[in-house]
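Novice: File name upload07.cif; file contents mmCIF, C-alpha atoms; full text below.
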data_query
#
loop_
_atom_site.label_atom_id
_atom_site.label_comp_id
_atom_site.auth_asym_id
_atom_site.auth_seq_id
_atom_site.Cartn_x
_atom_site.Cartn_y
_atom_site.Cartn_z
CA MET A 1 -15.27 -6.80 -12.74
CA ILE A 2 -12.79 -5.20 -15.14
CA LYS A 3 -15.08 -2.16 -15.44
CA TYR A 4 -15.30 -1.88 -11.63
CA ILE A 5 -11.53 -2.27 -11.23
CA ASN A 6 -10.84 0.47 -13.79
CA GLU A 7 -13.30 2.84 -12.06
CA THR A 8 -11.69 2.23 -8.66
CA VAL A 9 -8.14 2.61 -9.98
CA GLU A 10 -9.00 5.82 -11.81
CA TYR A 11 -10.55 7.28 -8.63
CA LEU A 12 -7.46 6.45 -6.53
CA GLN A 13 -5.04 7.74 -9.18
CA ASP A 14 -6.99 11.01 -9.22
CA LYS A 15 -6.57 11.10 -5.42
CA GLY A 16 -2.78 10.86 -5.82
CA PHE A 17 -2.12 7.13 -5.38
CA ASP A 18 0.89 7.20 -7.71
CA ASN A 19 2.74 3.97 -8.61
CA PRO A 20 3.07 2.26 -5.22
CA GLU A 21 5.73 -0.47 -5.14
CA ILE A 22 4.56 -2.51 -2.15
CA GLY A 23 1.11 -3.40 -0.83
CA ILE A 24 0.60 -4.15 2.87
CA VAL A 25 -2.46 -5.76 4.47
CA LEU A 26 -2.72 -5.12 8.23
CA GLY A 27 -4.59 -7.75 10.23
CA THR A 28 -6.51 -7.76 13.50
CA GLY A 29 -4.89 -5.56 16.14
CA LEU A 30 -2.00 -4.72 13.84
CA GLY A 31 -2.62 -1.12 12.81
CA GLN A 32 0.37 0.64 14.37
CA LEU A 33 2.65 0.23 11.34
CA ILE A 34 0.80 3.28 10.00
CA ASN A 35 2.63 5.42 12.58
CA HIS A 36 5.88 4.67 10.73
CA VAL A 37 4.53 5.65 7.30
CA ASN A 38 4.94 9.14 5.87
CA VAL A 39 1.28 9.35 4.87
CA LEU A 40 0.67 11.25 1.62
CA LYS A 41 -2.96 10.30 0.99
CA GLU A 42 -5.64 8.36 2.81
CA VAL A 43 -9.18 7.44 1.79
CA SER A 44 -11.91 5.69 3.80
CA TYR A 45 -13.11 2.50 2.17
CA ASN A 46 -16.69 3.75 2.05
CA HIS A 47 -15.59 6.65 -0.21
CA ILE A 48 -13.89 4.40 -2.78
CA PRO A 49 -16.11 3.37 -5.73
CA ASN A 50 -16.91 -0.39 -5.79
CA PHE A 51 -14.92 -1.04 -2.60
CA PRO A 52 -16.31 -3.20 0.22
CA THR A 53 -16.61 -1.58 3.67
CA ALA A 54 -15.00 -3.04 6.80
CA THR A 55 -17.67 -4.09 9.30
CA VAL A 56 -15.44 -5.47 12.08
CA GLU A 57 -15.16 -2.96 14.90
CA PHE A 58 -11.38 -3.32 15.32
CA HIS A 59 -10.64 -2.90 11.62
CA LYS A 60 -10.17 0.76 10.70
CA GLY A 61 -11.29 0.78 7.08
CA LYS A 62 -8.80 3.07 5.35
CA LEU A 63 -6.58 2.80 2.29
CA ILE A 64 -3.35 4.68 2.90
CA TYR A 65 -0.68 5.77 0.43
CA GLY A 66 2.71 6.97 1.56
CA VAL A 67 6.42 6.29 1.97
CA LEU A 68 7.94 3.69 4.30
CA GLU A 69 11.71 3.17 4.43
CA GLY A 70 12.09 5.04 1.16
CA LYS A 71 9.53 2.94 -0.74
CA LYS A 72 6.08 3.95 -1.96
CA VAL A 73 3.55 1.77 -0.17
CA ILE A 74 -0.19 1.30 -0.18
CA VAL A 75 -1.54 0.03 3.13
CA MET A 76 -4.89 -1.59 3.88
CA GLN A 77 -5.69 -0.55 7.43
CA GLY A 78 -8.39 -3.16 7.94
CA ARG A 79 -9.25 -6.07 5.68
CA PHE A 80 -12.39 -7.94 4.60
CA HIS A 81 -13.46 -11.42 5.67
CA LEU A 82 -15.78 -14.10 4.33
CA TYR A 83 -17.52 -14.18 7.74
CA GLU A 84 -18.70 -10.57 7.27
CA GLY A 85 -20.99 -11.77 4.49
CA TYR A 86 -18.70 -10.82 1.60
CA THR A 87 -17.86 -13.04 -1.33
CA LEU A 88 -14.29 -14.18 -1.90
CA GLN A 89 -14.21 -11.80 -4.88
CA ASP A 90 -15.10 -8.91 -2.53
CA VAL A 91 -12.47 -9.97 0.01
CA THR A 92 -9.73 -9.97 -2.62
CA TYR A 93 -10.87 -6.96 -4.66
CA PRO A 94 -8.35 -4.62 -2.94
CA VAL A 95 -5.45 -6.88 -3.97
CA ARG A 96 -6.50 -6.52 -7.61
CA ILE A 97 -6.70 -2.75 -7.16
CA MET A 98 -3.25 -2.51 -5.56
CA GLU A 99 -1.74 -4.59 -8.38
CA LYS A 100 -3.39 -2.40 -11.02
CA LEU A 101 -2.00 0.70 -9.25
CA GLY A 102 1.49 -0.76 -9.62
CA ILE A 103 2.56 -2.92 -6.66
CA LYS A 104 4.95 -5.82 -7.33
CA THR A 105 5.10 -7.19 -3.76
CA LEU A 106 2.34 -7.91 -1.24
CA LEU A 107 3.05 -8.23 2.50
CA VAL A 108 0.28 -9.61 4.70
CA SER A 109 -0.19 -9.83 8.46
CA ASN A 110 -2.81 -11.57 10.56
CA ALA A 111 -3.66 -12.71 14.07
CA ALA A 112 -3.83 -16.49 14.42
CA GLY A 113 -4.21 -19.24 16.98
CA ALA A 114 -1.27 -21.58 17.55
CA ILE A 115 -2.11 -25.21 16.73
CA ASN A 116 1.53 -26.23 17.07
CA LEU A 117 1.95 -26.27 20.84
CA ASN A 118 5.69 -25.57 20.51
CA PHE A 119 4.57 -22.08 19.45
CA LYS A 120 3.50 -19.67 22.19
CA LYS A 121 1.14 -16.70 22.20
CA GLY A 122 2.92 -13.42 21.61
CA GLU A 123 5.34 -15.04 19.15
CA LEU A 124 5.37 -14.66 15.36
CA MET A 125 5.02 -17.26 12.62
CA LEU A 126 6.28 -16.80 9.08
CA ILE A 127 3.84 -18.56 6.77
CA GLU A 128 5.63 -21.00 4.47
CA ASP A 129 2.51 -22.72 3.15
CA HIS A 130 -1.22 -22.77 3.74
CA ILE A 131 -4.37 -24.89 3.73
CA ASN A 132 -7.53 -23.38 2.28
CA LEU A 133 -10.54 -24.49 4.37
CA GLN A 134 -12.84 -21.65 3.30
CA GLY A 135 -14.85 -23.87 0.99
CA SER A 136 -14.21 -22.11 -2.30
CA SER A 137 -11.69 -20.08 -4.28
CA PRO A 138 -11.51 -16.35 -5.09
CA LEU A 139 -10.69 -17.48 -8.65
CA ALA A 140 -13.92 -19.49 -9.06
CA PHE A 141 -15.94 -17.06 -11.14
CA LYS A 142 -16.88 -16.58 -14.77
CA GLY A 143 -14.33 -14.49 -16.70
CA VAL A 144 -11.42 -14.96 -14.29
CA GLU A 145 -9.19 -15.84 -17.25
CA LEU A 146 -9.48 -12.21 -18.40
CA LEU A 147 -7.62 -11.14 -15.25
CA GLY A 148 -4.92 -13.84 -15.16
CA GLU A 149 -4.23 -17.56 -15.58
CA ARG A 150 -7.29 -19.52 -14.40
CA PHE A 151 -5.27 -22.54 -13.24
CA THR A 152 -2.89 -20.62 -11.01
CA ASP A 153 0.14 -22.57 -9.80
CA MET A 154 0.36 -22.75 -6.00
CA SER A 155 3.44 -24.97 -5.61
CA ALA A 156 5.29 -22.07 -3.93
CA PRO A 157 2.76 -19.36 -3.02
CA TYR A 158 5.10 -17.54 -0.61
CA ASP A 159 8.26 -15.96 -1.99
CA LYS A 160 11.24 -17.97 -0.76
CA ALA A 161 13.76 -15.12 -1.07
CA ILE A 162 11.57 -12.77 0.99
CA ASN A 163 11.04 -15.48 3.61
CA GLU A 164 14.80 -16.02 3.90
CA THR A 165 15.27 -12.28 4.37
CA PHE A 166 12.57 -12.25 7.07
CA LYS A 167 14.37 -15.06 8.91
CA ALA A 168 17.71 -13.22 8.72
CA ILE A 169 16.12 -10.00 10.04
CA ALA A 170 14.50 -11.90 12.92
CA LYS A 171 17.84 -13.44 13.86
CA GLN A 172 19.61 -10.05 13.76
CA ASN A 173 16.96 -8.50 16.00
CA ASN A 174 16.52 -11.42 18.43
CA ILE A 175 12.91 -11.91 17.35
CA LYS A 176 11.40 -15.37 17.81
CA LEU A 177 10.09 -16.20 14.33
CA HIS A 178 8.63 -19.65 13.78
CA GLU A 179 7.91 -20.99 10.31
CA GLY A 180 4.80 -22.99 9.59
CA VAL A 181 1.55 -23.79 7.81
CA TYR A 182 -1.47 -21.50 8.18
CA ALA A 183 -4.99 -22.92 7.85
CA SER A 184 -7.72 -20.50 6.85
CA VAL A 185 -11.28 -21.22 8.02
CA VAL A 186 -14.51 -19.28 7.50
CA GLY A 187 -15.37 -18.34 11.11
CA PRO A 188 -16.52 -16.20 12.80
CA GLN A 189 -17.00 -18.84 15.51
CA LEU A 190 -13.79 -20.18 16.99
CA GLU A 191 -12.86 -23.84 16.70
CA THR A 192 -14.07 -26.78 18.75
CA ARG A 193 -11.64 -29.18 20.43
CA ALA A 194 -12.31 -31.72 17.69
CA GLU A 195 -11.61 -29.13 15.00
CA TYR A 196 -8.27 -28.20 16.63
CA ARG A 197 -7.34 -31.89 16.64
CA MET A 198 -8.28 -32.19 12.96
CA LEU A 199 -6.21 -29.12 12.06
CA LYS A 200 -3.18 -30.62 13.77
CA VAL A 201 -3.65 -33.95 11.94
CA ILE A 202 -3.79 -32.28 8.52
CA GLY A 203 -0.58 -30.35 9.16
CA ALA A 204 -1.62 -26.87 10.31
CA ASP A 205 0.63 -24.95 12.71
CA ALA A 206 -1.75 -21.99 13.08
CA VAL A 207 -5.35 -21.16 12.22
CA GLY A 208 -7.12 -17.94 11.28
CA MET A 209 -9.98 -16.53 9.20
CA SER A 210 -8.16 -14.53 6.52
CA THR A 211 -5.04 -14.23 4.34
CA VAL A 212 -5.36 -17.28 2.07
CA PRO A 213 -7.81 -15.62 -0.38
CA GLU A 214 -5.49 -12.62 -0.75
CA ILE A 215 -2.50 -14.92 -1.27
CA ILE A 216 -4.30 -16.89 -3.98
CA VAL A 217 -5.22 -13.73 -5.90
CA ALA A 218 -1.71 -12.28 -5.45
CA ASN A 219 -0.32 -15.44 -7.04
CA HIS A 220 -2.93 -15.17 -9.80
CA LEU A 221 -1.54 -11.67 -10.48
CA LYS A 222 2.13 -12.86 -10.31
CA LEU A 223 2.94 -10.73 -7.26
CA LYS A 224 5.71 -11.63 -4.82
CA VAL A 225 4.03 -12.52 -1.54
CA ALA A 226 4.96 -12.99 2.11
CA ALA A 227 2.84 -13.24 5.26
CA VAL A 228 3.41 -13.20 9.02
CA SER A 229 1.01 -14.35 11.74
CA VAL A 230 0.98 -12.93 15.24
CA LEU A 231 0.08 -15.87 17.49
CA THR A 232 -2.54 -14.58 19.89
CA ASP A 233 -3.67 -17.76 21.66
CA GLU A 234 -2.68 -21.39 22.15
CA CYS A 235 -5.14 -23.96 20.84
CA ASP A 236 -4.62 -26.99 23.07
CA PRO A 237 -7.70 -29.23 22.73
CA ASP A 238 -6.82 -31.12 25.92
CA SER A 239 -6.99 -27.99 28.09
CA LEU A 240 -9.09 -25.59 26.07
CA LYS A 241 -10.29 -22.42 27.73
CA ALA A 242 -12.91 -19.96 26.49
CA VAL A 243 -11.28 -17.32 24.32
CA ASP A 244 -11.78 -13.62 25.01
CA ILE A 245 -11.57 -11.58 21.77
CA GLY A 246 -10.36 -8.62 23.84
CA GLU A 247 -7.41 -10.71 25.02
CA ILE A 248 -6.62 -11.70 21.41
CA ILE A 249 -6.51 -8.02 20.38
CA GLU A 250 -4.36 -7.21 23.42
CA MET A 251 -1.90 -10.00 22.58
CA ALA A 252 -1.70 -8.87 18.93
CA THR A 253 -0.95 -5.32 20.07
CA LYS A 254 1.75 -6.58 22.47
CA ALA A 255 3.50 -8.58 19.73
CA GLU A 256 3.07 -5.89 17.08
CA PRO A 257 6.42 -4.06 17.59
CA ASN A 258 8.31 -7.18 16.48
CA MET A 259 6.17 -7.47 13.36
CA ILE A 260 6.74 -3.79 12.58
CA THR A 261 10.51 -4.32 12.87
CA LEU A 262 10.33 -7.26 10.45
CA PHE A 263 8.25 -5.34 7.91
CA LYS A 264 10.31 -2.15 8.06
CA GLU A 265 13.66 -3.92 7.79
CA LEU A 266 12.39 -6.11 4.96
CA ILE A 267 11.08 -3.11 2.99
CA LYS A 268 14.55 -1.54 3.14
CA THR A 269 15.83 -4.53 1.15
CA LEU A 270 13.12 -4.60 -1.55
#
When written as structure tokens, how does the structure in this file appear?
Specialist:
Amino acid sequence: MIKYINETVEYLQDKGFDNPEIGIVLGTGLGQLINHVNVLKEVSYNHIPNFPTATVEFHKGKLIYGVLEGKKVIVMQGRFHLYEGYTLQDVTYPVRIMEKLGIKTLLVSNAAGAINLNFKKGELMLIEDHINLQGSSPLAFKGVELLGERFTDMSAPYDKAINETFKAIAKQNNIKLHEGVYASVVGPQLETRAEYRMLKVIGADAVGMSTVPEIIVANHLKLKVAAVSVLTDECDPDSLKAVDIGEIIEMATKAEPNMITLFKELIKTL
């Protein structure tokens, strides 16, 4: 993997990806932050050596380098998921690349279903902890100790100072920002009523199919990390309705301006 990482990094450096400070992963329906970036370089994933390719139709599949609020950023417009047939090492490969290029902070967004019924669709949730239900770890491979500490501490995977700043920004801008636990499942099927009940019992406030692998690897690489979920549907097992993916995308798009405000205002402080 080290050989692959070096090849990818060298390619992107030659393309002008010069010492980004912050990495940003944009989740489902959350691509409009790009409109606020002064884009200097962009490369399609399928042109980058050793990079996976996004196969989900609403994920764009571009790596973008530019300036946002005076900071050099590298933005993943579209991410990779276990349910696309990738390994957890594939899913998290871009995080390793961004770290090697120079980032010190990783900001992640996703669309998630609200398990906590006090949370409503269209609202945001700051992730303060997570539950990994994807069945494995992105660190479970031979030679991982060459890239960082094998037994990575996860007692505080999300940076507390950044989370406090996020909460202050939300308050200043009258944005409803819940705080809770995100459970990451494999997907791509959505959950049954019994699964929603189980998730509630084990302490999840929201559920999705991403984010946790990237957070684990970011902690492995000693990056500061924060993540925000856009709550796109309410997962009430006692009155569960069939979910329309189009409606989920629409709800993510509707809530996106608040997430953009949070990210932009936070980046000013970093």
Novice: Restricting the calculation to all atoms listed in the file: of A:Gly61, A:Pro94, A:Pro157, A:Gly208, which residue gets closest to Thr232 (chain A)?
Specialist: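 Comparing A:Gly61, A:Pro94, A:Pro157, A:Gly208 against Thr232 (chain A), the winner is A:Gly208.
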Novice: Which is closest to Tyr11 (chain A) among A:Asn50, A:Gly31, A:Asn174, A:Leu231, if we use only C-alpha atoms?
Specialist: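 Using only C-alpha atoms, Tyr11 (chain A) sits closest to A:Asn50.
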Novice: Using CA of Glu84 (chain A) and CA of Leu126 (chain A) as the two end points, give the distance in Å to one decimal.
Specialist: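 A separation of 25.8 Å between them.
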Novice: To one decimal place, how far is CA of Arg79 (chain A) from CA of Glu164 (chain A) in Å?
Specialist: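 Answer for the CA of Arg79 (chain A) to CA of Glu164 (chain A) separation: 26.1 Å.
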Novice: For the provided coordinates, the residues matched by the PyMOL selection byres ((chain A and resi 134-151) around 12) should be stated as a VMD selection string.
Specialist: chain A and resid 1 to 3 5 81 to 83 86 to 93 95 to 97 99 to 100 130 to 133 152 to 155 183 to 188 207 to 223
Novice: Write the residues of the selection above to a file with C-alpha atoms, as an mmCIF file, in the frame of the given file.
Specialist:
data_model
loop_
_atom_site.group_PDB
_atom_site.id
_atom_site.type_symbol
_atom_site.label_atom_id
_atom_site.label_comp_id
_atom_site.auth_asym_id
_atom_site.auth_seq_id
_atom_site.Cartn_x
_atom_site.Cartn_y
_atom_site.Cartn_z
ATOM 1 C CA MET A 1 -15.270 -6.800 -12.740
ATOM 2 C CA ILE A 2 -12.790 -5.200 -15.140
ATOM 3 C CA LYS A 3 -15.080 -2.160 -15.440
ATOM 4 C CA ILE A 5 -11.530 -2.270 -11.230
ATOM 5 C CA HIS A 81 -13.460 -11.420 5.670
ATOM 6 C CA LEU A 82 -15.780 -14.100 4.330
ATOM 7 C CA TYR A 83 -17.520 -14.180 7.740
ATOM 8 C CA TYR A 86 -18.700 -10.820 1.600
ATOM 9 C CA THR A 87 -17.860 -13.040 -1.330
ATOM 10 C CA LEU A 88 -14.290 -14.180 -1.900
ATOM 11 C CA GLN A 89 -14.210 -11.800 -4.880
ATOM 12 C CA ASP A 90 -15.100 -8.910 -2.530
ATOM 13 C CA VAL A 91 -12.470 -9.970 0.010
ATOM 14 C CA THR A 92 -9.730 -9.970 -2.620
ATOM 15 C CA TYR A 93 -10.870 -6.960 -4.660
ATOM 16 C CA VAL A 95 -5.450 -6.880 -3.970
ATOM 17 C CA ARG A 96 -6.500 -6.520 -7.610
ATOM 18 C CA ILE A 97 -6.700 -2.750 -7.160
ATOM 19 C CA GLU A 99 -1.740 -4.590 -8.380
ATOM 20 C CA LYS A 100 -3.390 -2.400 -11.020
ATOM 21 C CA HIS A 130 -1.220 -22.770 3.740
ATOM 22 C CA ILE A 131 -4.370 -24.890 3.730
ATOM 23 C CA ASN A 132 -7.530 -23.380 2.280
ATOM 24 C CA LEU A 133 -10.540 -24.490 4.370
ATOM 25 C CA THR A 152 -2.890 -20.620 -11.010
ATOM 26 C CA ASP A 153 0.140 -22.570 -9.800
ATOM 27 C CA MET A 154 0.360 -22.750 -6.000
ATOM 28 C CA SER A 155 3.440 -24.970 -5.610
ATOM 29 C CA ALA A 183 -4.990 -22.920 7.850
ATOM 30 C CA SER A 184 -7.720 -20.500 6.850
ATOM 31 C CA VAL A 185 -11.280 -21.220 8.020
ATOM 32 C CA VAL A 186 -14.510 -19.280 7.500
ATOM 33 C CA GLY A 187 -15.370 -18.340 11.110
ATOM 34 C CA PRO A 188 -16.520 -16.200 12.800
ATOM 35 C CA VAL A 207 -5.350 -21.160 12.220
ATOM 36 C CA GLY A 208 -7.120 -17.940 11.280
ATOM 37 C CA MET A 209 -9.980 -16.530 9.200
ATOM 38 C CA SER A 210 -8.160 -14.530 6.520
ATOM 39 C CA THR A 211 -5.040 -14.230 4.340
ATOM 40 C CA VAL A 212 -5.360 -17.280 2.070
ATOM 41 C CA PRO A 213 -7.810 -15.620 -0.380
ATOM 42 C CA GLU A 214 -5.490 -12.620 -0.750
ATOM 43 C CA ILE A 215 -2.500 -14.920 -1.270
ATOM 44 C CA ILE A 216 -4.300 -16.890 -3.980
ATOM 45 C CA VAL A 217 -5.220 -13.730 -5.900
ATOM 46 C CA ALA A 218 -1.710 -12.280 -5.450
ATOM 47 C CA ASN A 219 -0.320 -15.440 -7.040
ATOM 48 C CA HIS A 220 -2.930 -15.170 -9.800
ATOM 49 C CA LEU A 221 -1.540 -11.670 -10.480
ATOM 50 C CA LYS A 222 2.130 -12.860 -10.310
ATOM 51 C CA LEU A 223 2.940 -10.730 -7.260
#
Novice: Separation of CA of Met198 (chain A) and CA of Asp233 (chain A), in Å?
Specialist: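 Spanning CA of Met198 (chain A) to CA of Asp233 (chain A) is a straight-line distance of 17.5 Å.
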Novice: Kindly extract all protein, DNA and RNA residues lying within 10 Å of the coordinates (4.2, -25.3, 7.0) given in the file, considering all atoms listed in the file, and supply them as a list in words.
Specialist: Met125, Leu126, Ile127, Glu128, Asp129, His130, Ile131, His178, Glu179, Gly180, Val181, Tyr182, Ala183, Gly203, Ala204, Asp205 and Ala206 of chain A
Novice: The PyMOL selection byres ((chain A and resi 38-44) around 9) - which residues does that actually catch in the file I just gave you? List them as a list in words.
Specialist: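 After applying the PyMOL selection byres ((chain A and resi 38-44) around 9), what remains is Leu12, Lys15, Gly16, Phe17, Ile34, Asn35, His36, Val37, Tyr45, Asn46, His47, Ile48, Thr53, Lys60, Gly61, Lys62, Leu63, Ile64, Tyr65, Gly66, Val67 and Leu68 of chain A.
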Novice: Would you kindly place N, CA and C atoms on region 68-80 of chain A and return the model as a PDB file, keeping the file's coordinate frame?
Specialist:
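And here's rebuild.pdb as it stands now:
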ATOM      1  N   LEU A  68       7.408   4.426   3.149  1.00  0.00           N
ATOM      2  CA  LEU A  68       7.940   3.690   4.300  1.00  0.00           C
ATOM      3  C   LEU A  68       9.318   3.170   3.926  1.00  0.00           C
ATOM      4  N   GLU A  69      10.315   3.570   4.696  1.00  0.00           N
ATOM      5  CA  GLU A  69      11.710   3.170   4.430  1.00  0.00           C
ATOM      6  C   GLU A  69      12.117   3.451   2.976  1.00  0.00           C
ATOM      7  N   GLY A  70      11.691   4.609   2.490  1.00  0.00           N
ATOM      8  CA  GLY A  70      12.090   5.040   1.160  1.00  0.00           C
ATOM      9  C   GLY A  70      11.308   4.434   0.009  1.00  0.00           C
ATOM     10  N   LYS A  71      10.314   3.601   0.312  1.00  0.00           N
ATOM     11  CA  LYS A  71       9.530   2.940  -0.740  1.00  0.00           C
ATOM     12  C   LYS A  71       8.085   3.441  -0.706  1.00  0.00           C
ATOM     13  N   LYS A  72       7.497   3.597  -1.884  1.00  0.00           N
ATOM     14  CA  LYS A  72       6.080   3.950  -1.960  1.00  0.00           C
ATOM     15  C   LYS A  72       5.243   2.724  -1.609  1.00  0.00           C
ATOM     16  N   VAL A  73       4.370   2.898  -0.622  1.00  0.00           N
ATOM     17  CA  VAL A  73       3.550   1.770  -0.170  1.00  0.00           C
ATOM     18  C   VAL A  73       2.078   2.156  -0.205  1.00  0.00           C
ATOM     19  N   ILE A  74       1.244   1.126  -0.335  1.00  0.00           N
ATOM     20  CA  ILE A  74      -0.190   1.300  -0.180  1.00  0.00           C
ATOM     21  C   ILE A  74      -0.616   0.319   0.904  1.00  0.00           C
ATOM     22  N   VAL A  75      -1.261   0.836   1.945  1.00  0.00           N
ATOM     23  CA  VAL A  75      -1.540   0.030   3.130  1.00  0.00           C
ATOM     24  C   VAL A  75      -3.052  -0.094   3.328  1.00  0.00           C
ATOM     25  N   MET A  76      -3.508  -1.341   3.493  1.00  0.00           N
ATOM     26  CA  MET A  76      -4.890  -1.590   3.880  1.00  0.00           C
ATOM     27  C   MET A  76      -4.949  -1.612   5.405  1.00  0.00           C
ATOM     28  N   GLN A  77      -5.519  -0.579   5.988  1.00  0.00           N
ATOM     29  CA  GLN A  77      -5.690  -0.550   7.430  1.00  0.00           C
ATOM     30  C   GLN A  77      -7.080  -1.119   7.725  1.00  0.00           C
ATOM     31  N   GLY A  78      -7.126  -2.443   7.857  1.00  0.00           N
ATOM     32  CA  GLY A  78      -8.390  -3.160   7.940  1.00  0.00           C
ATOM     33  C   GLY A  78      -8.630  -3.955   6.672  1.00  0.00           C
ATOM     34  N   ARG A  79      -9.011  -5.219   6.838  1.00  0.00           N
ATOM     35  CA  ARG A  79      -9.250  -6.070   5.680  1.00  0.00           C
ATOM     36  C   ARG A  79     -10.679  -6.602   5.721  1.00  0.00           C
ATOM     37  N   PHE A  80     -11.046  -7.377   4.713  1.00  0.00           N
ATOM     38  CA  PHE A  80     -12.390  -7.940   4.600  1.00  0.00           C
ATOM     39  C   PHE A  80     -12.328  -9.453   4.807  1.00  0.00           C
TER      40      PHE A  80
END
